[in-house]
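Everything below belongs to my_file_30.csv, which stores CSV, C-alpha atoms.
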```csv
chain,number,residue,atom,x,y,z
A,18,MET,CA,0.0,0.0,0.0
A,19,SER,CA,1.5,3.3,-1.1
A,20,HIS,CA,1.0,6.3,1.3
A,21,GLU,CA,2.4,9.6,0.0
A,22,LEU,CA,3.4,12.1,2.7
A,23,VAL,CA,3.3,15.7,1.5
A,24,ALA,CA,5.1,17.7,4.2
A,25,LEU,CA,8.0,15.2,4.8
A,26,GLY,CA,11.0,16.1,2.8
A,27,ARG,CA,9.7,19.5,1.8
A,28,ALA,CA,10.7,22.8,3.4
A,29,GLY,CA,8.5,25.2,5.2
A,30,SER,CA,4.8,25.7,5.7
A,31,ASP,CA,4.1,25.8,1.9
A,32,ALA,CA,4.0,22.0,2.2
A,33,TYR,CA,1.3,22.0,4.8
A,34,VAL,CA,-1.8,20.1,3.8
A,35,GLY,CA,-3.0,19.2,7.3
A,36,LEU,CA,-2.0,16.6,9.8
A,37,GLU,CA,-0.7,13.7,7.9
A,38,THR,CA,-0.7,10.1,9.0
A,39,PHE,CA,0.8,6.8,8.0
A,40,PRO,CA,-0.1,3.2,8.7
A,41,ASN,CA,0.8,2.0,12.2
A,42,PRO,CA,3.8,-0.3,11.9
A,43,GLY,CA,2.8,-2.0,15.2
A,44,VAL,CA,3.6,0.4,18.0
A,45,ALA,CA,1.4,0.4,21.1
A,46,ARG,CA,1.9,4.0,22.2
A,47,VAL,CA,3.3,7.2,20.7
A,48,GLU,CA,4.4,10.4,22.5
A,49,LEU,CA,5.5,13.5,20.6
A,50,VAL,CA,7.0,16.5,22.4
A,51,SER,CA,7.7,20.0,21.0
A,52,ASP,CA,8.9,23.2,22.7
A,53,GLU,CA,8.2,25.2,19.5
A,54,LEU,CA,4.5,26.0,20.1
A,55,THR,CA,3.6,29.7,20.4
A,56,ALA,CA,0.2,31.4,20.5
A,57,VAL,CA,-0.9,34.8,21.8
A,58,CYS,CA,-3.0,35.8,24.8
A,59,PRO,CA,-6.4,36.7,23.4
A,60,ILE,CA,-6.7,39.6,25.9
A,61,THR,CA,-3.2,41.2,25.9
A,62,SER,CA,-1.8,39.9,22.6
A,63,GLN,CA,1.4,38.9,24.4
A,64,PRO,CA,3.1,35.8,23.2
A,65,ASP,CA,2.7,32.6,25.1
A,66,PHE,CA,5.4,29.9,24.7
A,67,TYR,CA,4.5,26.3,25.3
A,68,THR,CA,6.0,22.8,25.5
A,69,ALA,CA,3.4,20.5,24.0
A,70,THR,CA,3.2,16.8,24.7
A,71,ILE,CA,0.9,14.7,22.5
A,72,ALA,CA,0.4,11.1,23.5
A,73,TYR,CA,-1.9,8.5,22.0
A,74,ARG,CA,-2.5,4.7,21.6
A,75,PRO,CA,-2.7,4.4,17.8
A,76,GLY,CA,-5.2,2.2,16.0
A,77,GLY,CA,-4.4,1.9,12.4
A,78,LEU,CA,-2.6,5.2,12.0
A,79,CYS,CA,0.3,7.2,13.4
A,80,LEU,CA,0.9,10.9,13.2
A,81,GLU,CA,3.7,12.1,10.9
A,82,SER,CA,5.9,14.5,12.9
A,83,LYS,CA,6.8,17.0,10.1
A,84,SER,CA,3.2,17.8,9.5
A,85,LEU,CA,2.7,18.2,13.2
A,86,LYS,CA,5.6,20.6,13.4
A,87,ILE,CA,4.0,22.7,10.7
A,88,TYR,CA,0.6,22.4,12.2
A,89,LEU,CA,1.8,23.7,15.6
A,90,SER,CA,3.6,26.6,13.9
A,91,ARG,CA,0.3,27.9,12.5
A,92,PHE,CA,-0.8,29.0,16.0
A,93,HIS,CA,1.8,31.7,16.3
A,94,ASP,CA,-0.6,34.6,15.6
A,95,GLN,CA,-3.8,33.1,17.0
A,96,GLY,CA,-5.3,34.5,20.2
A,97,VAL,CA,-6.3,31.5,22.4
A,98,PHE,CA,-6.1,30.5,26.1
A,99,CYS,CA,-3.9,27.6,27.0
A,100,GLU,CA,-6.8,25.4,28.1
A,101,ALA,CA,-8.8,26.0,24.8
A,102,LEU,CA,-5.7,25.3,22.7
A,103,ALA,CA,-5.1,22.0,24.5
A,104,VAL,CA,-8.6,20.9,23.7
A,105,ARG,CA,-8.4,22.1,20.0
A,106,ILE,CA,-5.1,20.3,19.4
A,107,ARG,CA,-6.4,17.1,21.1
A,108,ASP,CA,-9.6,17.1,19.0
A,109,GLU,CA,-7.8,17.8,15.7
A,110,VAL,CA,-5.1,15.2,16.3
A,111,ALA,CA,-7.8,12.6,17.2
A,112,ALA,CA,-9.7,13.4,14.0
A,113,ALA,CA,-6.6,13.0,11.9
A,114,LEU,CA,-5.8,9.6,13.6
A,115,GLU,CA,-9.5,8.5,13.3
A,116,LEU,CA,-9.6,8.0,17.1
A,117,ASP,CA,-12.0,9.1,19.8
A,118,ALA,CA,-10.8,12.3,21.6
A,119,GLY,CA,-10.4,10.2,24.8
A,120,ALA,CA,-7.7,8.2,23.1
A,121,VAL,CA,-5.4,11.2,22.7
A,122,GLU,CA,-3.9,13.2,25.5
A,123,VAL,CA,-2.5,16.7,24.9
A,124,SER,CA,-0.5,18.5,27.7
A,125,LEU,CA,0.5,22.1,27.2
A,126,ARG,CA,2.9,23.6,29.6
A,127,GLN,CA,3.0,27.4,29.2
A,128,LYS,CA,6.4,28.9,30.0
A,129,ALA,CA,6.4,31.5,32.8
A,130,ARG,CA,4.9,34.9,32.0
A,131,GLY,CA,4.2,37.3,34.8
A,132,GLY,CA,5.8,34.7,37.2
A,133,ILE,CA,3.0,32.2,36.5
A,134,THR,CA,3.2,28.9,34.6
A,135,ILE,CA,0.1,27.1,33.3
A,136,ALA,CA,-0.3,23.4,32.5
A,137,ALA,CA,-3.4,22.2,30.8
A,138,VAL,CA,-4.2,18.6,29.9
A,139,ALA,CA,-7.0,17.6,27.5
```

Entire entry expressed as structure tokens:
Amino acid sequence: MSHELVALGRAGSDAYVGLETFPNPGVARVELVSDELTAVCPITSQPDFYTATIAYRPGGLCLESKSLKIYLSRFHDQGVFCEALAVRIRDEVAAALELDAGAVEVSLRQKARGGITIAAVA
């Protein structure tokens, strides 16, 4: 079965076509961690920097990491609270993997701003 990945092997966000997947080769659990997620506070427009952890038990599909990297970079100018962003990412990753949202866990750890850190798990 041929499965063409669009983002892998191509530079930049021009290759983004959405979250891409590939057939699960037989793994039981996947965890992806990125410290390159940035969004902005919807009230102050100040940047919020996150470490995102996405964990799931794959069924037939796994998430391709380059498309995830590009997907996460697309939040850099979006005003959203940490908690809402965790839920959005969870739901969109679950949809791409054809899983129930409960099979995907997204943890966002917001780096300190104003002396406060936030962690949200969806």

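Shell of Leu89 in chain A at 8 Å, with only C-alpha atoms counted and residues fewer than 5 places along the chain excluded, is Glu53, Leu54 and Thr55 of chain A.
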
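Of the listed residues A:Pro42, A:Pro59, A:Gly35, A:Gly131, the one whose atoms come nearest to Glu109 in chain A is A:Gly35, with distances taken using all atoms listed in the file.
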
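Compared by their closest atoms to Phe39 in chain A, and using all atoms listed in the file, the residues A:Glu81, A:Glu100, A:Asp52, A:Asp108 rank with A:Glu81 nearest.
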
Given only C-alpha atoms as the counted atoms, nearest of A:Tyr73, A:Asp117, A:Ala111, A:Gly96 to Thr61 in chain A: A:Gly96

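Our summary of the geometry notes that CA of Arg91 in chain A is positioned 28.8 Å from CA of Ala45 in chain A.
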
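Remark: for His93 in chain A, the closest of the candidate residues A:Leu78, A:Ala113, A:Phe66, A:Arg105 is A:Phe66 (distances computed over all atoms listed in the file).
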
d(CA of Pro75 in chain A, CA of Ile87 in chain A) in Å: 20.7 Å

Spatial neighbours of Ala129 in chain A, 9 Å, all atoms listed in the file, chain gap at least 4 places, as an MDAnalysis selection string: chainID A and resid 65:66 133:135

Nearest-residue call for Ser90 in chain A, choices A:Val104, A:Val50, A:Ala118, A:Ala56, using all atoms listed in the file: A:Ala56

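The space separating CA of Gly76 in chain A from CA of Glu122 in chain A comes to 14.6 Å.
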